[in-house]
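Peer 1: Shown below is the structure under consideration.
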Amino acid sequence: MNGQKRRLYLSRALKLMSLIVVFASLFVLLSEFLPSQEPDEVIAIPITILRENSVINTQWDGLPVMVILRSDQTIASLDSHAAALRDPDSDRSTQPDGARNAWRSLRPEIFVAIALGTDLRCPIKPRFEGEQLQGFVDQCRGWRYDAAGRVFDAQDALRNLRVPPYRITEEQILIGAQ
């Protein structure tokens, strides 16, 4: 009788563990389809500290964020290479609704982006030619993005750089605010 009770106990324990694994797997699978909640954190960057073609680095929601004041020349160059981009209209990319345009920002001169590549989450660094911002480079693989964070074609990265939710007031950029 002792062996029979032991088998019954082990059988029940195995069924319980199997149920836990099934529910945990379902939770992970279903959570991928649920919309993520926006973080409550808002980072304020004074517009007065921005200098043309200089980069301000900060952290938002645990992610590195870069803010750049683009020059008129950089903004004008954004249309010149649209045919060489994988997703020139940012249809498959993440950005606020007001930033669905060629410069991928709420105002053409101010660019805000998550400073991580879109495939392996490698650090992104700005690429300058002299004083002029040319775009961005993935530090792991060397994949290139233009000055609006749009990925060039013929590279493994499939999406443009992610633009976080933000708002611009007269005095500051509010990263994380809608």
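In the structure tokens, each chain is lettered A, B, ... as it comes, each chain's residues begin at 1, and ligands are numbered from 1 in order of appearance.
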Range 15-131 of chain A near range 154-172 of chain A within 8 Å: what's each residue's closest atom pair and its distance in Å to one decimal, counting only C-alpha atoms, ordered by chain then ascending residue number, as a tab-separated table?
Peer 2:
residue	atom	partner	partner_atom	distance
A:Ala44	CA	A:Gln172	CA	6.2
A:Ile45	CA	A:Gln172	CA	5.4
A:Pro46	CA	A:Gln172	CA	4.2
A:Ile47	CA	A:Gln172	CA	4.9
A:Thr48	CA	A:Glu171	CA	7.4
A:Arg86	CA	A:Leu158	CA	7.2
A:Asp87	CA	A:Arg159	CA	7.0
A:Ser90	CA	A:Asn160	CA	6.8
A:Arg92	CA	A:Arg159	CA	6.2
A:Ser93	CA	A:Arg159	CA	5.5
A:Thr94	CA	A:Arg162	CA	5.1
A:Gln95	CA	A:Val163	CA	4.5
A:Pro96	CA	A:Pro165	CA	5.5
A:Arg104	CA	A:Val163	CA	7.8
A:Leu106	CA	A:Ile168	CA	7.6
A:Val112	CA	A:Val163	CA	6.1
A:Ala113	CA	A:Val163	CA	4.4
A:Ile114	CA	A:Arg162	CA	5.5
A:Ala115	CA	A:Leu161	CA	7.6
A:Leu116	CA	A:Leu161	CA	7.4
A:Gly117	CA	A:Leu161	CA	6.6
A:Thr118	CA	A:Arg159	CA	6.1
A:Asp119	CA	A:Ala157	CA	5.5
Peer 1: Export N, CA, C and O atoms of the chosen residues as a PDB file, in the first residue's frame?
Peer 2:
ATOM      1  N   ALA A  44      12.056  65.222 -19.316  1.00  0.00           N
ATOM      2  CA  ALA A  44      12.001  66.570 -19.910  1.00  0.00           C
ATOM      3  C   ALA A  44      13.403  67.016 -20.296  1.00  0.00           C
ATOM      4  O   ALA A  44      14.330  66.950 -19.489  1.00  0.00           O
ATOM      5  N   ILE A  45      13.554  67.446 -21.553  1.00  0.00           N
ATOM      6  CA  ILE A  45      14.823  67.981 -22.042  1.00  0.00           C
ATOM      7  C   ILE A  45      14.570  69.410 -22.506  1.00  0.00           C
ATOM      8  O   ILE A  45      13.757  69.630 -23.415  1.00  0.00           O
ATOM      9  N   PRO A  46      15.259  70.383 -21.905  1.00  0.00           N
ATOM     10  CA  PRO A  46      15.073  71.776 -22.328  1.00  0.00           C
ATOM     11  C   PRO A  46      15.556  71.976 -23.770  1.00  0.00           C
ATOM     12  O   PRO A  46      16.639  71.527 -24.138  1.00  0.00           O
ATOM     13  N   ILE A  47      14.768  72.624 -24.579  1.00  0.00           N
ATOM     14  CA  ILE A  47      15.136  72.868 -25.972  1.00  0.00           C
ATOM     15  C   ILE A  47      16.377  73.755 -26.057  1.00  0.00           C
ATOM     16  O   ILE A  47      17.184  73.625 -26.979  1.00  0.00           O
ATOM     17  N   THR A  48      16.576  74.616 -25.069  1.00  0.00           N
ATOM     18  CA  THR A  48      17.704  75.555 -25.104  1.00  0.00           C
ATOM     19  C   THR A  48      19.063  74.870 -25.057  1.00  0.00           C
ATOM     20  O   THR A  48      20.067  75.476 -25.442  1.00  0.00           O
ATOM     21  N   ARG A  86      14.838  50.751 -47.021  1.00  0.00           N
ATOM     22  CA  ARG A  86      13.988  49.562 -46.935  1.00  0.00           C
ATOM     23  C   ARG A  86      12.529  49.935 -46.677  1.00  0.00           C
ATOM     24  O   ARG A  86      11.618  49.350 -47.240  1.00  0.00           O
ATOM     25  N   ASP A  87      12.293  50.885 -45.799  1.00  0.00           N
ATOM     26  CA  ASP A  87      10.937  51.296 -45.420  1.00  0.00           C
ATOM     27  C   ASP A  87      10.874  52.833 -45.400  1.00  0.00           C
ATOM     28  O   ASP A  87      10.781  53.442 -44.343  1.00  0.00           O
ATOM     29  N   SER A  90       8.067  54.448 -43.472  1.00  0.00           N
ATOM     30  CA  SER A  90       7.962  53.960 -42.088  1.00  0.00           C
ATOM     31  C   SER A  90       6.657  53.214 -41.821  1.00  0.00           C
ATOM     32  O   SER A  90       6.065  53.331 -40.754  1.00  0.00           O
ATOM     33  N   ARG A  92       6.324  49.943 -41.517  1.00  0.00           N
ATOM     34  CA  ARG A  92       6.570  48.816 -40.609  1.00  0.00           C
ATOM     35  C   ARG A  92       7.325  49.245 -39.358  1.00  0.00           C
ATOM     36  O   ARG A  92       7.899  48.408 -38.680  1.00  0.00           O
ATOM     37  N   SER A  93       7.340  50.512 -39.068  1.00  0.00           N
ATOM     38  CA  SER A  93       8.152  51.028 -37.978  1.00  0.00           C
ATOM     39  C   SER A  93       7.302  51.666 -36.891  1.00  0.00           C
ATOM     40  O   SER A  93       6.137  51.965 -37.102  1.00  0.00           O
ATOM     41  N   THR A  94       7.932  51.901 -35.735  1.00  0.00           N
ATOM     42  CA  THR A  94       7.230  52.449 -34.587  1.00  0.00           C
ATOM     43  C   THR A  94       7.601  53.912 -34.396  1.00  0.00           C
ATOM     44  O   THR A  94       8.774  54.235 -34.215  1.00  0.00           O
ATOM     45  N   GLN A  95       6.602  54.763 -34.455  1.00  0.00           N
ATOM     46  CA  GLN A  95       6.763  56.186 -34.179  1.00  0.00           C
ATOM     47  C   GLN A  95       5.394  56.754 -33.831  1.00  0.00           C
ATOM     48  O   GLN A  95       4.382  56.183 -34.199  1.00  0.00           O
ATOM     49  N   PRO A  96       5.352  57.881 -33.113  1.00  0.00           N
ATOM     50  CA  PRO A  96       4.049  58.499 -32.817  1.00  0.00           C
ATOM     51  C   PRO A  96       3.335  58.881 -34.109  1.00  0.00           C
ATOM     52  O   PRO A  96       3.971  59.111 -35.142  1.00  0.00           O
ATOM     53  N   ARG A 104      10.307  61.811 -39.785  1.00  0.00           N
ATOM     54  CA  ARG A 104       9.966  60.958 -38.647  1.00  0.00           C
ATOM     55  C   ARG A 104      10.053  61.692 -37.313  1.00  0.00           C
ATOM     56  O   ARG A 104      10.585  61.184 -36.330  1.00  0.00           O
ATOM     57  N   LEU A 106       8.046  65.170 -34.868  1.00  0.00           N
ATOM     58  CA  LEU A 106       6.954  66.119 -34.742  1.00  0.00           C
ATOM     59  C   LEU A 106       7.318  67.467 -35.354  1.00  0.00           C
ATOM     60  O   LEU A 106       6.449  68.171 -35.852  1.00  0.00           O
ATOM     61  N   VAL A 112      14.043  62.475 -32.275  1.00  0.00           N
ATOM     62  CA  VAL A 112      14.126  61.705 -31.037  1.00  0.00           C
ATOM     63  C   VAL A 112      14.008  60.237 -31.424  1.00  0.00           C
ATOM     64  O   VAL A 112      13.096  59.862 -32.165  1.00  0.00           O
ATOM     65  N   ALA A 113      14.928  59.388 -30.923  1.00  0.00           N
ATOM     66  CA  ALA A 113      14.863  57.960 -31.256  1.00  0.00           C
ATOM     67  C   ALA A 113      15.485  57.128 -30.148  1.00  0.00           C
ATOM     68  O   ALA A 113      16.360  57.588 -29.415  1.00  0.00           O
ATOM     69  N   ILE A 114      15.020  55.888 -30.058  1.00  0.00           N
ATOM     70  CA  ILE A 114      15.652  54.910 -29.179  1.00  0.00           C
ATOM     71  C   ILE A 114      16.995  54.561 -29.825  1.00  0.00           C
ATOM     72  O   ILE A 114      17.055  54.211 -31.005  1.00  0.00           O
ATOM     73  N   ALA A 115      18.072  54.635 -29.060  1.00  0.00           N
ATOM     74  CA  ALA A 115      19.418  54.442 -29.597  1.00  0.00           C
ATOM     75  C   ALA A 115      19.838  52.977 -29.562  1.00  0.00           C
ATOM     76  O   ALA A 115      20.931  52.624 -29.116  1.00  0.00           O
ATOM     77  N   LEU A 116      18.949  52.110 -30.046  1.00  0.00           N
ATOM     78  CA  LEU A 116      19.226  50.679 -30.157  1.00  0.00           C
ATOM     79  C   LEU A 116      18.802  50.208 -31.534  1.00  0.00           C
ATOM     80  O   LEU A 116      17.756  50.614 -32.040  1.00  0.00           O
ATOM     81  N   GLY A 117      19.604  49.323 -32.126  1.00  0.00           N
ATOM     82  CA  GLY A 117      19.241  48.742 -33.414  1.00  0.00           C
ATOM     83  C   GLY A 117      17.946  47.972 -33.305  1.00  0.00           C
ATOM     84  O   GLY A 117      17.555  47.519 -32.228  1.00  0.00           O
ATOM     85  N   THR A 118      17.282  47.815 -34.424  1.00  0.00           N
ATOM     86  CA  THR A 118      15.954  47.197 -34.409  1.00  0.00           C
ATOM     87  C   THR A 118      15.983  45.687 -34.538  1.00  0.00           C
ATOM     88  O   THR A 118      14.938  45.053 -34.482  1.00  0.00           O
ATOM     89  N   ASP A 119      17.142  45.088 -34.712  1.00  0.00           N
ATOM     90  CA  ASP A 119      17.181  43.636 -34.823  1.00  0.00           C
ATOM     91  C   ASP A 119      17.838  42.999 -33.601  1.00  0.00           C
ATOM     92  O   ASP A 119      17.238  42.192 -32.931  1.00  0.00           O
TER      93      ASP A 119
END
Peer 1: Residues within 8 Å of range 49-62 of chain A, please, as a ChimeraX atom specification. Count only C-alpha atoms; anything in the same chain fewer than 4 positions from it doesn't count.
Peer 2: /A:39,41-43,45,66-71,126,131-133,175-176
Peer 1: Keeping only N, CA, C and O atoms, write the selected residues as a PDB file, in the first residue's frame.
Peer 2:
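The resulting file, again14.pdb, is shown below:
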ATOM      1  N   PRO A  39       4.769  53.406 -20.289  1.00  0.00           N
ATOM      2  CA  PRO A  39       5.344  53.726 -18.985  1.00  0.00           C
ATOM      3  C   PRO A  39       4.885  55.105 -18.510  1.00  0.00           C
ATOM      4  O   PRO A  39       4.525  55.965 -19.305  1.00  0.00           O
ATOM      5  N   GLU A  41       6.803  57.153 -16.806  1.00  0.00           N
ATOM      6  CA  GLU A  41       7.947  58.047 -16.729  1.00  0.00           C
ATOM      7  C   GLU A  41       7.962  59.039 -17.897  1.00  0.00           C
ATOM      8  O   GLU A  41       7.762  58.669 -19.038  1.00  0.00           O
ATOM      9  N   VAL A  42       8.183  60.298 -17.580  1.00  0.00           N
ATOM     10  CA  VAL A  42       8.331  61.334 -18.597  1.00  0.00           C
ATOM     11  C   VAL A  42       9.651  62.047 -18.339  1.00  0.00           C
ATOM     12  O   VAL A  42       9.925  62.482 -17.225  1.00  0.00           O
ATOM     13  N   ILE A  43      10.485  62.141 -19.367  1.00  0.00           N
ATOM     14  CA  ILE A  43      11.774  62.817 -19.276  1.00  0.00           C
ATOM     15  C   ILE A  43      11.651  64.160 -19.987  1.00  0.00           C
ATOM     16  O   ILE A  43      11.198  64.213 -21.132  1.00  0.00           O
ATOM     17  N   ILE A  45      13.554  67.446 -21.553  1.00  0.00           N
ATOM     18  CA  ILE A  45      14.823  67.981 -22.042  1.00  0.00           C
ATOM     19  C   ILE A  45      14.570  69.410 -22.506  1.00  0.00           C
ATOM     20  O   ILE A  45      13.757  69.630 -23.415  1.00  0.00           O
ATOM     21  N   MET A  66      18.269  59.143 -27.866  1.00  0.00           N
ATOM     22  CA  MET A  66      19.066  60.259 -28.370  1.00  0.00           C
ATOM     23  C   MET A  66      18.136  61.323 -28.934  1.00  0.00           C
ATOM     24  O   MET A  66      17.108  61.012 -29.527  1.00  0.00           O
ATOM     25  N   VAL A  67      18.520  62.571 -28.705  1.00  0.00           N
ATOM     26  CA  VAL A  67      17.777  63.725 -29.212  1.00  0.00           C
ATOM     27  C   VAL A  67      18.768  64.566 -30.000  1.00  0.00           C
ATOM     28  O   VAL A  67      19.852  64.876 -29.506  1.00  0.00           O
ATOM     29  N   ILE A  68      18.402  64.918 -31.235  1.00  0.00           N
ATOM     30  CA  ILE A  68      19.300  65.654 -32.119  1.00  0.00           C
ATOM     31  C   ILE A  68      18.563  66.829 -32.742  1.00  0.00           C
ATOM     32  O   ILE A  68      17.428  66.679 -33.200  1.00  0.00           O
ATOM     33  N   LEU A  69      19.229  67.969 -32.766  1.00  0.00           N
ATOM     34  CA  LEU A  69      18.729  69.132 -33.486  1.00  0.00           C
ATOM     35  C   LEU A  69      19.378  69.093 -34.871  1.00  0.00           C
ATOM     36  O   LEU A  69      20.574  69.330 -35.019  1.00  0.00           O
ATOM     37  N   ARG A  70      18.583  68.728 -35.883  1.00  0.00           N
ATOM     38  CA  ARG A  70      19.120  68.579 -37.240  1.00  0.00           C
ATOM     39  C   ARG A  70      19.244  69.931 -37.931  1.00  0.00           C
ATOM     40  O   ARG A  70      18.403  70.811 -37.752  1.00  0.00           O
ATOM     41  N   SER A  71      20.257  70.045 -38.766  1.00  0.00           N
ATOM     42  CA  SER A  71      20.459  71.272 -39.538  1.00  0.00           C
ATOM     43  C   SER A  71      19.506  71.286 -40.732  1.00  0.00           C
ATOM     44  O   SER A  71      18.957  70.254 -41.126  1.00  0.00           O
ATOM     45  N   PRO A 126      25.526  58.194 -33.827  1.00  0.00           N
ATOM     46  CA  PRO A 126      25.374  59.080 -34.990  1.00  0.00           C
ATOM     47  C   PRO A 126      26.612  59.018 -35.880  1.00  0.00           C
ATOM     48  O   PRO A 126      27.715  58.758 -35.414  1.00  0.00           O
ATOM     49  N   GLU A 131      30.926  68.325 -39.904  1.00  0.00           N
ATOM     50  CA  GLU A 131      29.956  68.760 -38.896  1.00  0.00           C
ATOM     51  C   GLU A 131      28.538  68.305 -39.230  1.00  0.00           C
ATOM     52  O   GLU A 131      27.621  68.501 -38.458  1.00  0.00           O
ATOM     53  N   GLN A 132      28.363  67.690 -40.398  1.00  0.00           N
ATOM     54  CA  GLN A 132      27.033  67.354 -40.909  1.00  0.00           C
ATOM     55  C   GLN A 132      26.599  65.947 -40.497  1.00  0.00           C
ATOM     56  O   GLN A 132      27.307  64.974 -40.751  1.00  0.00           O
ATOM     57  N   LEU A 133      25.413  65.822 -39.899  1.00  0.00           N
ATOM     58  CA  LEU A 133      24.858  64.517 -39.548  1.00  0.00           C
ATOM     59  C   LEU A 133      24.457  63.793 -40.823  1.00  0.00           C
ATOM     60  O   LEU A 133      23.658  64.288 -41.611  1.00  0.00           O
ATOM     61  N   ILE A 175       9.778  63.377 -23.351  1.00  0.00           N
ATOM     62  CA  ILE A 175       9.853  61.990 -23.835  1.00  0.00           C
ATOM     63  C   ILE A 175       9.008  61.112 -22.937  1.00  0.00           C
ATOM     64  O   ILE A 175       9.165  61.122 -21.717  1.00  0.00           O
ATOM     65  N   GLY A 176       8.107  60.364 -23.529  1.00  0.00           N
ATOM     66  CA  GLY A 176       7.186  59.507 -22.780  1.00  0.00           C
ATOM     67  C   GLY A 176       5.809  60.106 -22.654  1.00  0.00           C
ATOM     68  O   GLY A 176       4.889  59.473 -22.181  1.00  0.00           O
TER      69      GLY A 176
END
Peer 1: Assign secondary structure with DSSP using the backbone only, and return the residues of chain A in helix (DSSP H, G or I) as JSON, numbers by chain.
Peer 2: {"A": [2, 3, 4, 5, 6, 7, 8, 9, 10, 11, 12, 13, 14, 15, 16, 17, 18, 19, 20, 21, 22, 23, 24, 25, 26, 27, 28, 29, 30, 31, 47, 48, 49, 72, 73, 74, 75, 76, 77, 82, 83, 84, 97, 98, 99]}
Peer 1: If you run DSSP over the backbone, which residues in chain A end up strand (DSSP E or B)? Put them as a PyMOL selection string.
Peer 2: chain A and resi 43-46+52+55-60+63-69+85+107+110-114+116+123-129+132-138+144-146+151-152+166-168+172-175
Peer 1: Using the selection just defined, write its residues with N, CA and C atoms as a compact mmCIF listing (two decimals), in the first residue's frame.
Peer 2:
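Below you can see result.txt, which holds the result:
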# COMPACT_ATOMS: atom_id res chain seq x y z
N ILE A 43 10.49 62.14 -19.37
CA ILE A 43 11.77 62.82 -19.28
C ILE A 43 11.65 64.16 -19.99
N ALA A 44 12.06 65.22 -19.32
CA ALA A 44 12.00 66.57 -19.91
C ALA A 44 13.40 67.02 -20.30
N ILE A 45 13.55 67.45 -21.55
CA ILE A 45 14.82 67.98 -22.04
C ILE A 45 14.57 69.41 -22.51
N PRO A 46 15.26 70.38 -21.91
CA PRO A 46 15.07 71.78 -22.33
C PRO A 46 15.56 71.98 -23.77
N GLU A 52 22.87 72.56 -32.95
CA GLU A 52 22.73 71.95 -34.27
C GLU A 52 23.72 70.80 -34.46
N VAL A 55 24.29 65.70 -30.22
CA VAL A 55 23.43 64.63 -29.71
C VAL A 55 23.30 64.76 -28.19
N ILE A 56 22.07 64.71 -27.71
CA ILE A 56 21.78 64.63 -26.27
C ILE A 56 21.36 63.19 -26.00
N ASN A 57 22.07 62.52 -25.10
CA ASN A 57 21.73 61.14 -24.73
C ASN A 57 21.06 61.14 -23.36
N THR A 58 20.01 60.33 -23.23
CA THR A 58 19.30 60.20 -21.96
C THR A 58 18.76 58.78 -21.87
N GLN A 59 18.08 58.48 -20.79
CA GLN A 59 17.44 57.18 -20.59
C GLN A 59 15.96 57.40 -20.37
N TRP A 60 15.15 56.57 -20.99
CA TRP A 60 13.71 56.59 -20.79
C TRP A 60 13.21 55.16 -20.78
N LEU A 63 15.62 52.50 -21.55
CA LEU A 63 16.20 52.47 -22.90
C LEU A 63 17.02 53.72 -23.17
N PRO A 64 18.13 53.58 -23.90
CA PRO A 64 18.88 54.79 -24.27
C PRO A 64 18.13 55.56 -25.35
N VAL A 65 18.05 56.86 -25.19
CA VAL A 65 17.35 57.71 -26.14
C VAL A 65 18.30 58.82 -26.57
N MET A 66 18.27 59.14 -27.87
CA MET A 66 19.07 60.26 -28.37
C MET A 66 18.14 61.32 -28.93
N VAL A 67 18.52 62.57 -28.71
CA VAL A 67 17.78 63.73 -29.21
C VAL A 67 18.77 64.57 -30.00
N ILE A 68 18.40 64.92 -31.24
CA ILE A 68 19.30 65.65 -32.12
C ILE A 68 18.56 66.83 -32.74
N LEU A 69 19.23 67.97 -32.77
CA LEU A 69 18.73 69.13 -33.49
C LEU A 69 19.38 69.09 -34.87
N LEU A 85 16.16 53.16 -49.34
CA LEU A 85 15.70 52.77 -48.01
C LEU A 85 14.78 51.56 -48.06
N ARG A 107 8.59 67.83 -35.29
CA ARG A 107 9.12 69.02 -35.94
C ARG A 107 10.35 68.59 -36.73
N ILE A 110 13.91 68.54 -34.97
CA ILE A 110 14.16 67.78 -33.74
C ILE A 110 13.87 66.31 -33.98
N PHE A 111 14.90 65.48 -33.81
CA PHE A 111 14.74 64.03 -33.99
C PHE A 111 14.98 63.34 -32.66
N VAL A 112 14.04 62.48 -32.27
CA VAL A 112 14.13 61.71 -31.04
C VAL A 112 14.01 60.24 -31.42
N ALA A 113 14.93 59.39 -30.92
CA ALA A 113 14.86 57.96 -31.26
C ALA A 113 15.48 57.13 -30.15
N ILE A 114 15.02 55.89 -30.06
CA ILE A 114 15.65 54.91 -29.18
C ILE A 114 17.00 54.56 -29.82
N LEU A 116 18.95 52.11 -30.05
CA LEU A 116 19.23 50.68 -30.16
C LEU A 116 18.80 50.21 -31.53
N PRO A 123 23.85 49.08 -29.68
CA PRO A 123 23.89 50.54 -29.56
C PRO A 123 24.00 51.22 -30.93
N ILE A 124 23.33 52.35 -31.03
CA ILE A 124 23.35 53.15 -32.26
C ILE A 124 24.14 54.42 -31.98
N LYS A 125 25.00 54.77 -32.90
CA LYS A 125 25.78 56.00 -32.78
C LYS A 125 25.53 56.86 -34.01
N PRO A 126 25.53 58.19 -33.83
CA PRO A 126 25.37 59.08 -34.99
C PRO A 126 26.61 59.02 -35.88
N ARG A 127 26.40 59.23 -37.16
CA ARG A 127 27.48 59.20 -38.15
C ARG A 127 27.55 60.59 -38.78
N PHE A 128 28.69 61.24 -38.60
CA PHE A 128 28.89 62.59 -39.11
C PHE A 128 29.89 62.58 -40.25
N GLU A 129 29.71 63.51 -41.16
CA GLU A 129 30.72 63.79 -42.19
C GLU A 129 31.06 65.26 -41.98
N GLN A 132 28.36 67.69 -40.40
CA GLN A 132 27.03 67.35 -40.91
C GLN A 132 26.60 65.95 -40.50
N LEU A 133 25.41 65.82 -39.90
CA LEU A 133 24.86 64.52 -39.55
C LEU A 133 24.46 63.79 -40.82
N GLN A 134 25.00 62.60 -41.02
CA GLN A 134 24.68 61.79 -42.18
C GLN A 134 23.67 60.69 -41.85
N GLY A 135 23.64 60.28 -40.60
CA GLY A 135 22.74 59.21 -40.19
C GLY A 135 23.26 58.52 -38.95
N PHE A 136 22.97 57.21 -38.85
CA PHE A 136 23.31 56.45 -37.66
C PHE A 136 23.87 55.10 -38.07
N VAL A 137 24.69 54.51 -37.16
CA VAL A 137 25.32 53.22 -37.42
C VAL A 137 25.09 52.30 -36.23
N ASP A 138 24.71 51.07 -36.52
CA ASP A 138 24.59 50.01 -35.53
C ASP A 138 26.01 49.59 -35.15
N ARG A 144 23.42 50.66 -41.37
CA ARG A 144 23.27 52.11 -41.45
C ARG A 144 21.81 52.53 -41.54
N TYR A 145 21.56 53.68 -40.92
CA TYR A 145 20.26 54.33 -40.93
C TYR A 145 20.49 55.77 -41.37
N ASP A 146 19.51 56.38 -42.02
CA ASP A 146 19.68 57.77 -42.44
C ASP A 146 19.42 58.70 -41.25
N VAL A 151 16.20 52.68 -42.05
CA VAL A 151 17.24 51.72 -42.41
C VAL A 151 17.43 51.65 -43.92
N PHE A 152 18.69 51.57 -44.32
CA PHE A 152 18.99 51.42 -45.74
C PHE A 152 18.70 49.99 -46.17
N TYR A 166 6.52 61.18 -27.62
CA TYR A 166 7.03 62.42 -27.05
C TYR A 166 6.17 63.58 -27.50
N ARG A 167 6.37 64.69 -26.81
CA ARG A 167 5.64 65.91 -27.12
C ARG A 167 6.63 67.06 -27.02
N ILE A 168 6.42 68.09 -27.82
CA ILE A 168 7.29 69.26 -27.79
C ILE A 168 6.46 70.47 -27.37
N GLN A 172 10.42 72.71 -23.92
CA GLN A 172 11.07 71.42 -23.69
C GLN A 172 10.49 70.30 -24.54
N ILE A 173 11.26 69.21 -24.58
CA ILE A 173 10.84 67.98 -25.22
C ILE A 173 10.48 67.02 -24.09
N LEU A 174 9.28 66.47 -24.13
CA LEU A 174 8.80 65.57 -23.08
C LEU A 174 8.75 64.15 -23.63
N ILE A 175 9.78 63.38 -23.35
CA ILE A 175 9.85 61.99 -23.84
C ILE A 175 9.01 61.11 -22.94
Peer 1: In Å, rounded to a single decimal, give me how far CA of Gln139 in chain A is from CA of Cys122 in chain A.
Peer 2: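 Atom-to-atom, CA of Cys122 in chain A and CA of Gln139 in chain A are spaced 6.2 Å apart.
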Peer 1: If I take CA of Arg121 in chain A and CA of Ser80 in chain A, how far is one from the other in Å, to one decimal?
Peer 2: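 Going from CA of Arg121 in chain A over to CA of Ser80 in chain A, I get 27.5 Å.
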